[in-house]
Structures are given as C-alpha cells and as structure tokens.
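K.L.:
Have a look at this one before I ask anything.
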Amino acid sequence: MQEERLTAHLRDRPEQLREAKKQGVKIIGSLLGNYVPEEIIWASGAVPICLAHGGSSDMAEAALSVVPHVICPFARAQISERLLKKDPYYTLIDMLVAPITCQHLRKISEIWEHWEHNDDIEMFKLGIPHKYNGDFELEYYTDRLRVMKDKLQAFTGNAITDEKISEAIELYNKMRGLLKKISLLRRAPDTPLSALDFIRLNHASFYADPVFMVDFLDSVYQELREKQQVNKGDMPRLLLIGPNMGYGDYKVLELVETVGGEIVIEELCEGVRYYWQDIENKGDLFQSLAKGYLADRLPCAFMRDSAKTRLDFALKLITDFNVSGVIWYELLNCETYDSESYFFAQKMGERNIPILILESSYGTADAGPLKTRLEAFIEIVKGGIAQ
Amino acid sequence: MIELLRLCGYEEKEIASDLPRVERAFSKLGITAEDIERAKQRLNKYYDMELKGVRKILRLCIQELVNWTLAKEEGKTKFIYAFMATGFFDALGYVVLSKSKEVYVGDLCSLHQLILGSIFDKIVPILEAAENKWLKAGAVAHCGNVKALVGLITLDLVPKPDLLVNSGVLCETAPKSVNLLHEFYDIPTCCYDTCQDRDIREYPEATKRIADLLLKSSRRLIHMIEEIVGFKITDDMVREANEARKQLGKALDNLQNLVSSSDPLVISANHQSLWIQLLFLPLSKDRLPEALDAVNTLHEELQERVNKRVGVVEKGAPRIVAILPSHYTDPSLDHIVGEMGMALVSTDMFFPVSDLGDIEDPYEKLSVEGVQTSIHNSLARRVVSITEGCKKLKVDGVLDRFHIGCRTVTADALMIKDAITKELGIPVLLVERDDFDPRVCNHEQYKKSLEVFKSMLTSER
C-alpha cells in the first residue's frame, strides 16, 4: 500500500513539475553527493531536485563521444543525460547547482558550462573545500552558500529570509530524522526492510516533493515498527561502503539478496553521510548549514585526511549493526575509492573482518562473475574466515 | 661512470672529487654499469649533448640527485618534501635551504623521473612498487606521477620525510595517497588547497577568490614548516625568494619564447622537460645563479642557431602546439615528432590565462600564480586560452595528448579538440598516454598516428 503511494507520486512528479514551471516556479537541480543544502533552494520557493540517475550502461557509454573512458560511469551518465535530454528531470531544471567535489563531478559541471551558452539552464558552481574540518574552508563554504542564496533570490525573484530557511531546515531535518530512524530499525537481528528498499526510499527523496516525502517516510516508519519480524536464519549481515549508488544502479543490491546475504547498513553519499545528523536550526543559519553539510558530516573519500575517520566510522557501524562482512562497491576509474579500498582491506584484515571489493562500470557483462564472487564471499563470511 | 659525468658537463676536477659520492648514490639507487651504458646511449640519442647549456642543466640535476640520496648520511637531519606543490613550495624551499644547513628540501618526483626515467630508463620498478601497494595497475588508470611518489618512498630511495607537503589544487588522488602514506608509514603531511569553482563569466575576479583560500591554506603550512626548521619565515624572506626565482622564471620564459618563435625549430621538444626541471630543483641562494647560468648559456647557444638558421627540423616544417608538457620519463615520444619533420614549438602550459597585475603580498602572488596555468583552469577557460595561444603562434595543428592518470585534463581532451577544430579549422591529433609512465603508450601506433597527422598538416597548407 505504502509502496503504491510512492510509485504513484514519482510517476506523477514530472507532470507536477511541469505544472509548477507554468506557474513560474523554478526547478533547481543539484548533483549527487549531498553537499548542496536543499534548504536554501526550498526557501527560495524553488523545487530542489537531486540528479542521481545511474546504473545504465547505455548512458555511461553515450558520453564517450564527449569524455574519455577514465571518467567514472556515474559522471559520464550525467553528461549523457544532458546530452540526450531524454529524462524529464534533466530537462525540467532551470538551474544546476553543481557541487565541486571530486574531479569527475567537477567535470560534469564544466562540460555543462561549456554547453551552457547554447543551452537553456543557468549554472552555479558551489566549491566544496576538500579540507572538510578547516576553519578557513568552512568560512569559504559559508560564503559560497550566501552567494548561492543571492543567486537564487535573483533567479526566482523571491526573498530568502531567515524564517524561510529555518522552516526549510525543520522540514529537511524531519526527512533526515525519519530516514535515520528507519535505517536504525535495521540494527535488530531481523531487519524489517532490505537495503534495496531503503536505498530506493533514499533515492525517492531526491525527486519527490519533500512535504509528501516526510509524510510518507513517517507512515513507512510506523508500519515497519509494527511489522512482524521474520527470522532470517544465518543470513550474513553486511555493510556496504561506496561513493554513490545511482538511482537505478541496483545490480549489486539485487545480487547480494539473491546469493543469501543481507546489507543492513550503507555508508554511501546518499546513505548515512546525509541523514546521520540534523542541521542546527538556530543562530546564523548559513553557518549552521555549512557546518552540518561540510564539517560535521562523515567525509567522502575524496576529502583530505579522511581515511582514518572513515575507517573508524565504518568500524562503529560494524559494531552497532552487528555486521560480519563488508562489501566495498566502487565505480570504475574512481581513484580515491580504489586507493582507499587497499587501506580498508588491510585494516579489516587485521580485525578478521571479510571484505569484498567490487568495481562497477555499469556494464551488464559482469553479472555472472559478480554473482560467483558474491556467492564465494557469503560462504567465507558464514564460515567466519577472513579473506 | 666517468664518461657519463663528462658527458653531463662535469669538469675533470669535479669528477675527481665527486666520483665516490656519485658512485655511492648511484649504488643506493640501484644504478648498474649496464644502466650507465644505456644512459649514455639515451643521452646521445635524445638530447642535444653538443649544447653546453644542456650539459650544465644535466650536471645540476645529477648533483642534486646525489645530494638528495646521500643527504641523511651527510648530516641533514630533517627532510621536507613537496609533491605537486610547485611554485609556492619552491619559494619556501629557497628560504629554508638558504638559511639552514640541517634541513633538506626536495620536490618529488620530477628530478627522479628525469634521471631515473628519461636518462636511465629505470622508472618502471618504482611504478611497480606503488602498484603493489594501493595504486594498482590496470583499468583504473592511477596517475604515474603519484605512483612515482609512493614508489620512491616505499622503496626508501629518498630519506623518510618529516613533512610531506601536497597541493590538492589539481586532483584528489595525490592527497589521498599522501594521506595513506601518513596512515601506513607515519609520515607527517600537510595539504594546502583551494576550490575550483570559477565560473567562466567571473574571470578574473574569481581567481582572486580561490587564490585567497589557497593563501590562507598555505599560511597554515608555513607554521608547520617553521616548527620543523626552527626559525620564523618572514614575508621579507619569501619576497626575496620570489624576486630571486623571478629571474629564473624570466630566463626560462625568454628561452621558451626563443624556441617557440624559431624557424627552423632550434631544439627538439623533449628538452622542455629538461629546462622545466630547474623550476623543481631545490635551489638555495648559492645554487640559483648556477641554474640561471645554465639557462642563459642555453639561450645564447640557441640564439646562435637562430642567427645561423640552423635547426633540428627543416625551415617551414609544420608548426604544432602540444597540450601538456613533454613526457617526464620517456624522451622518445617528443623526440620522434621532430624526427618526423614537425616543429613542436610550445605547449599550453606557457599560454597565459589571466593577468591580475602586480601583487605586493608575496604569498598572495604565489597563490595567484598557483591557479593560473592552463591546467588549473576550467574547460571553458582552457579552450579560450588554448585557441588564443594557437592563433598567436600561428600553428598548423595541435597534438592534444592527454594524461589518463589525471581526470582533470583527460576530461577536457575531446572538448578541446572539438573547439579547436571548429574555431581554428586545424587538425588535432588526440593521444592517450600517462605522462609519467613510459609503458602507457603504444609507440608503433603513436608513430603511425603521427604519420597520418603530418600528412594532414601538409595537405591543409
């Protein structure tokens, strides 16, 4: 019942956005990574949409006429979406707020910028300092958020007041809080929802009306809390670590379920890094947003000096969620995750925690070998033997 | 060995006094008699060894490699290295080296890439050492420069640093490896940074904004360096370093301008990585004049060739510009361009991007310079800079080589080709390679592509 509600909302969402545009409402896209505070966009009266389509080999390949193969498949998919203009979300946006995170995502914005003069969308590049815990860097990011506010005010014609931002923070804190509460239900021995279902919920929140989504997530939470738990026997409980999992990139999640494993927590851009803590809703709200989105958040692997912090966080998740194995999911040609996988493999090995490192090009040919590797890994985890 | 040192411009007296040190250093670096023979052949094949300026630069480079390799046993007690932090760090290096006898300052890895790679053809084992750690070989295409850093440190070919400085202005992969060197080898590190969020419509003001963040970030670095060296680094010291190094920069600009405008081309393009090397060398107040002398000597010699109309290709040969500098470990790739009768006159790294005028603050000046060159800019701005540079040099084509280890420049390659073709209507040859790894290029295929490219250049005329 709940699922049908969400499916219907997402089905009708592009049409809703078209209607809103006709009424003069601006649609503001941002790129995945959760470094763009939707609160500022929402406070401007515009609709925030996080562009996160991924997982399609066709889309990863279409961009090869524009960028060489060493750009990650997610970034290539974003370039293709803009190039081909088939998906409504990528054509409905009036402005892109492009977070300058890793070089792959940086290049999406630069290529879009290069096309911009022949195009119909505005662009704002939001610099994300890679030293996430530095004072100067926090100041820079805060300043850029204020510039983003000015730009949005001018673009939408609406004043962005503190009151509106505060309301938006409250709304999005509710969203984050509900995602966290749902996620934490999975600490129980018998998890009430699969990783695939959870990630789908998370992905839906990028495109859905946030007011609807908060209401929907609340219903889901109530339902799951009351749900009769099913004993899942000796199904190994797994942690998934990776940069991002695009909207539609579900192959690994499906395969893990097929081979008898269960991912009970994810450390992804669109996972815990987003919903783990609230934004403080008092004082200078731009400073609060900057602190919450940059300094307080678990850093992504591209951030400076992040390996140890990220490892410690993963170890805490392993304890809290009673995890017995780690699946490391990286996108092909992502240098930082690939480098860090070695660090994690060494450190997990020292603790006798099995880890499986998977790379995805969004291709379809590797499904067979991938399944075999996952089957072998599940056996290793069940046997309690480190790789 | 003695023959090699003579070839590289060592005086007889110097050979007599330095030979034991050179032998000890080469032994530490794993250089054998066979390697020395190969080095002599490569020098004679790829470099213009009749030019005294070339020999002087090589001599300086070998001397510095020896100094570095033996630094610990010869009494240096502290080591500060930079990786991809040229410009800003080299000025600090000048300050520290001029004032301290205990601290060694070095810029990884270009010196090792030149001597061990381009001259001795021995870079691959260093790259393989990194591949056995976290920079695996294969489709991921990790950067050969970062591999060299990890290889040199993990193989103990350089003394373990007390501080490893890195700038993340161009990539994340270098700071990530620096972070992992800290985690695995307990090496103190510092990364100074900025954000690459300039909009094409905001130039040149946006450059000031991002340079300001770099400036603040670099002042944090100064405090770390001061703690290691034990003295305060004043603005005046940095200003003096900037002024001193400015002379070298000007001399190198003059040299490059002479080469770019020469017809026939007076020296083959692979020498560029040789003289650029001087920017990476740790030069103190005492050593800087030697570098300046080497550049001026080369300039005089090349000017004489211009006057006599002597070149390495025929007069009127097709003129081309390359994207990115010469290969750091394989001189054959640029050498062959000349052999095939094309004049590779310059690269986009010499094309100015924006001029912010005179800047008084010495750190601000370094910070602005640190985000000014072509590769530090966005695709849209690079396209403008490259097309303007090509027009100015009146070239017939562009060799758009891209370093696949670097996502920043790789992502731009096809779009740059497209823009040049549309705007200038000249042929562009795309070449995929790793600028630091001689294995990542099919030489035969490259040669065939160049043959086709040359025929396009001549037919377009």
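By order of appearance in the structure tokens: chains A, B, ..., then residues from 1 within every chain, and ligands from 1 in the order shown.
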Using only C-alpha atoms, which residues sit within 8 Å of A:Val259 once same-chain residues fewer than 5 positions away are excluded, as a PDB file with all heavy atoms, in the first residue's frame?

P.N.:
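Generated file (selection_22.pdb):
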```pdb
ATOM      1  N   LYS A 371      28.176 -12.507  -9.497  1.00  0.00           N
ATOM      2  CA  LYS A 371      27.360 -13.393  -8.667  1.00  0.00           C
ATOM      3  C   LYS A 371      28.242 -14.478  -8.046  1.00  0.00           C
ATOM      4  O   LYS A 371      28.134 -14.786  -6.853  1.00  0.00           O
ATOM      5  CB  LYS A 371      26.255 -14.028  -9.533  1.00  0.00           C
ATOM      6  CG  LYS A 371      25.237 -14.786  -8.709  1.00  0.00           C
ATOM      7  CD  LYS A 371      24.121 -15.327  -9.571  1.00  0.00           C
ATOM      8  CE  LYS A 371      23.226 -16.210  -8.690  1.00  0.00           C
ATOM      9  NZ  LYS A 371      22.539 -17.233  -9.432  1.00  0.00           N
ATOM     10  N   LEU A 374      30.246 -13.016  -5.260  1.00  0.00           N
ATOM     11  CA  LEU A 374      29.409 -12.752  -4.084  1.00  0.00           C
ATOM     12  C   LEU A 374      29.058 -14.052  -3.361  1.00  0.00           C
ATOM     13  O   LEU A 374      29.065 -14.108  -2.125  1.00  0.00           O
ATOM     14  CB  LEU A 374      28.134 -12.009  -4.504  1.00  0.00           C
ATOM     15  CG  LEU A 374      28.316 -10.507  -4.722  1.00  0.00           C
ATOM     16  CD1 LEU A 374      27.135  -9.913  -5.482  1.00  0.00           C
ATOM     17  CD2 LEU A 374      28.486  -9.772  -3.393  1.00  0.00           C
ATOM     18  N   GLU A 375      28.772 -15.097  -4.131  1.00  0.00           N
ATOM     19  CA  GLU A 375      28.457 -16.394  -3.511  1.00  0.00           C
ATOM     20  C   GLU A 375      29.630 -16.875  -2.667  1.00  0.00           C
ATOM     21  O   GLU A 375      29.469 -17.305  -1.520  1.00  0.00           O
ATOM     22  CB  GLU A 375      28.140 -17.438  -4.594  1.00  0.00           C
ATOM     23  CG  GLU A 375      26.718 -17.328  -5.129  1.00  0.00           C
ATOM     24  CD  GLU A 375      26.477 -18.178  -6.381  1.00  0.00           C
ATOM     25  OE1 GLU A 375      27.468 -18.604  -7.024  1.00  0.00           O
ATOM     26  OE2 GLU A 375      25.306 -18.377  -6.710  1.00  0.00           O
ATOM     27  N   ILE A 378      29.959 -14.779   0.504  1.00  0.00           N
ATOM     28  CA  ILE A 378      28.955 -15.117   1.523  1.00  0.00           C
ATOM     29  C   ILE A 378      29.384 -16.394   2.262  1.00  0.00           C
ATOM     30  O   ILE A 378      29.264 -16.498   3.490  1.00  0.00           O
ATOM     31  CB  ILE A 378      27.542 -15.290   0.880  1.00  0.00           C
ATOM     32  CG1 ILE A 378      27.074 -13.961   0.277  1.00  0.00           C
ATOM     33  CG2 ILE A 378      26.528 -15.818   1.887  1.00  0.00           C
ATOM     34  CD1 ILE A 378      26.893 -12.815   1.243  1.00  0.00           C
TER      35      ILE A 378
END
```

K.L.:
Provide as a PDB file with C-alpha atoms, in the first residue's frame the residues of chain A at most 7 Å from chain B, counting only C-alpha atoms.

P.N.:
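File result_18.pdb, as written:
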```pdb
ATOM      1  CA  VAL A  66      32.459  13.792 -25.067  1.00  0.00           C
ATOM      2  CA  VAL A  67      34.821  12.425 -22.415  1.00  0.00           C
ATOM      3  CA  PRO A  68      37.317   9.551 -22.419  1.00  0.00           C
ATOM      4  CA  VAL A  70      38.575   7.092 -17.477  1.00  0.00           C
ATOM      5  CA  ILE A  71      35.814   9.359 -16.247  1.00  0.00           C
ATOM      6  CA  ILE A 100      32.686  20.908  -6.985  1.00  0.00           C
ATOM      7  CA  CYS A 102      35.756  15.134  -6.960  1.00  0.00           C
ATOM      8  CA  GLN A 103      37.309  15.798 -10.375  1.00  0.00           C
ATOM      9  CA  HIS A 104      34.744  13.554 -12.056  1.00  0.00           C
ATOM     10  CA  LYS A 107      33.980  17.938 -14.972  1.00  0.00           C
ATOM     11  CA  GLU A 110      32.467  22.232 -16.622  1.00  0.00           C
ATOM     12  CA  HIS A 114      30.802  24.709 -21.862  1.00  0.00           C
ATOM     13  CA  LYS A 125      29.301  26.213  -9.082  1.00  0.00           C
ATOM     14  CA  LEU A 126      29.432  25.564  -5.379  1.00  0.00           C
ATOM     15  CA  GLY A 127      33.011  24.981  -4.235  1.00  0.00           C
ATOM     16  CA  ILE A 128      33.258  22.227  -1.658  1.00  0.00           C
ATOM     17  CA  PRO A 129      36.526  22.635   0.263  1.00  0.00           C
ATOM     18  CA  PHE A 136      39.170  28.843   6.542  1.00  0.00           C
ATOM     19  CA  PHE A 302      37.944  12.489  -1.832  1.00  0.00           C
ATOM     20  CA  ARG A 304      41.686  15.371   2.717  1.00  0.00           C
ATOM     21  CA  ASP A 305      42.998  13.186   5.531  1.00  0.00           C
ATOM     22  CA  LEU A 332      35.417   2.041 -12.262  1.00  0.00           C
ATOM     23  CA  ASN A 333      38.103   4.753 -12.555  1.00  0.00           C
ATOM     24  CA  CYS A 334      37.307   6.292  -9.173  1.00  0.00           C
ATOM     25  CA  GLU A 335      40.881   6.767  -7.962  1.00  0.00           C
ATOM     26  CA  THR A 336      40.192   7.777  -4.387  1.00  0.00           C
ATOM     27  CA  SER A 339      43.190   3.714  -3.310  1.00  0.00           C
ATOM     28  CA  TYR A 342      43.522  -1.106  -0.080  1.00  0.00           C
TER      29      TYR A 342
END
```

K.L.:
Could you pull out all residues of stretch 127-280 of chain B with a DSSP call of strand (DSSP E or B) and give them as a count of residues only?

P.N.:
9

K.L.:
Neighbours of B:Arg38 within 9 Å (only C-alpha atoms; same-chain residues fewer than 5 positions away dropped), as JSON, numbers by chain?

P.N.:
{"B": [33, 43, 119, 120, 121]}

K.L.:
With N, CA and C atoms retained, could you export that selection as a PDB file, in the first residue's frame?

P.N.:
```pdb
ATOM      1  N   ALA B  33      76.377  -0.754 -13.955  1.00  0.00           N
ATOM      2  CA  ALA B  33      77.240  -0.369 -15.092  1.00  0.00           C
ATOM      3  C   ALA B  33      76.448  -0.445 -16.401  1.00  0.00           C
ATOM      4  N   LEU B  43      71.212   9.550 -23.780  1.00  0.00           N
ATOM      5  CA  LEU B  43      71.563  10.977 -23.805  1.00  0.00           C
ATOM      6  C   LEU B  43      71.968  11.399 -25.213  1.00  0.00           C
ATOM      7  N   ILE B 119      66.622   9.408 -18.421  1.00  0.00           N
ATOM      8  CA  ILE B 119      68.029   9.123 -18.738  1.00  0.00           C
ATOM      9  C   ILE B 119      68.364   7.629 -18.574  1.00  0.00           C
ATOM     10  N   PHE B 120      68.008   7.052 -17.431  1.00  0.00           N
ATOM     11  CA  PHE B 120      68.419   5.663 -17.179  1.00  0.00           C
ATOM     12  C   PHE B 120      67.362   4.622 -17.583  1.00  0.00           C
ATOM     13  N   ASP B 121      66.154   5.069 -17.907  1.00  0.00           N
ATOM     14  CA  ASP B 121      65.071   4.155 -18.259  1.00  0.00           C
ATOM     15  C   ASP B 121      64.824   3.128 -17.134  1.00  0.00           C
TER      16      ASP B 121
END
```

K.L.:
Atom CA of A:Asp94 and atom CA of A:Phe216 are how many Å apart?

P.N.:
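Spanning atom CA of A:Asp94 to atom CA of A:Phe216 is a straight-line distance of 27.0 Å.
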
K.L.:
Please measure the separation of atom CA of A:Leu358 and atom CA of A:Leu331, giving the value in Å to one decimal.

P.N.:
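Rounded to one decimal, the two atoms are 8.3 Å apart.
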
K.L.:
Excluding B:Ile2 and its own-chain neighbours fewer than 2 positions away, which residues fall within 8 Å of it when counting only C-alpha atoms? Please give them as a short mmCIF file (atom, residue, chain, number, x, y, z; two decimals) with all heavy atoms, in the first residue's frame.

P.N.:
```cif
data_model
loop_
_atom_site.label_atom_id
_atom_site.label_comp_id
_atom_site.auth_asym_id
_atom_site.auth_seq_id
_atom_site.Cartn_x
_atom_site.Cartn_y
_atom_site.Cartn_z
N LEU B 4 80.15 9.18 -18.39
CA LEU B 4 78.79 9.72 -18.22
C LEU B 4 78.86 11.11 -17.58
O LEU B 4 78.19 12.04 -18.03
CB LEU B 4 77.94 8.79 -17.35
CG LEU B 4 76.54 9.31 -17.03
CD1 LEU B 4 75.62 9.20 -18.25
CD2 LEU B 4 75.91 8.57 -15.86
N LEU B 5 79.70 11.24 -16.56
CA LEU B 5 79.80 12.53 -15.88
C LEU B 5 80.39 13.59 -16.82
O LEU B 5 79.94 14.74 -16.83
CB LEU B 5 80.64 12.40 -14.60
CG LEU B 5 80.03 11.50 -13.51
CD1 LEU B 5 80.93 11.48 -12.28
CD2 LEU B 5 78.63 11.94 -13.10
N ARG B 6 81.36 13.19 -17.60
CA ARG B 6 81.93 14.14 -18.59
C ARG B 6 80.85 14.58 -19.57
O ARG B 6 80.71 15.76 -19.88
CB ARG B 6 83.06 13.45 -19.38
CG ARG B 6 84.38 13.51 -18.68
CD ARG B 6 85.50 13.07 -19.62
NE ARG B 6 86.68 12.77 -18.84
CZ ARG B 6 87.36 11.63 -18.89
NH1 ARG B 6 86.99 10.67 -19.72
NH2 ARG B 6 88.41 11.45 -18.13
N ILE B 15 85.00 15.70 -11.20
CA ILE B 15 84.88 14.23 -11.27
C ILE B 15 85.78 13.60 -10.22
O ILE B 15 85.39 12.70 -9.48
CB ILE B 15 85.24 13.72 -12.70
CG1 ILE B 15 84.17 14.23 -13.69
CG2 ILE B 15 85.33 12.21 -12.72
CD1 ILE B 15 84.44 13.92 -15.14
N LEU B 19 83.39 11.78 -7.61
CA LEU B 19 83.13 10.41 -8.08
C LEU B 19 82.70 9.45 -6.95
O LEU B 19 81.70 8.73 -7.11
CB LEU B 19 84.35 9.86 -8.82
CG LEU B 19 84.12 8.54 -9.55
CD1 LEU B 19 83.03 8.67 -10.61
CD2 LEU B 19 85.42 8.06 -10.20
#
```

K.L.:
Find the residues around B:His403 up to 6 Å (only C-alpha atoms counted), leave out those fewer than 5 positions away in its own chain, and share them as a PyMOL selection string.

P.N.:
chain B and resi 433-435
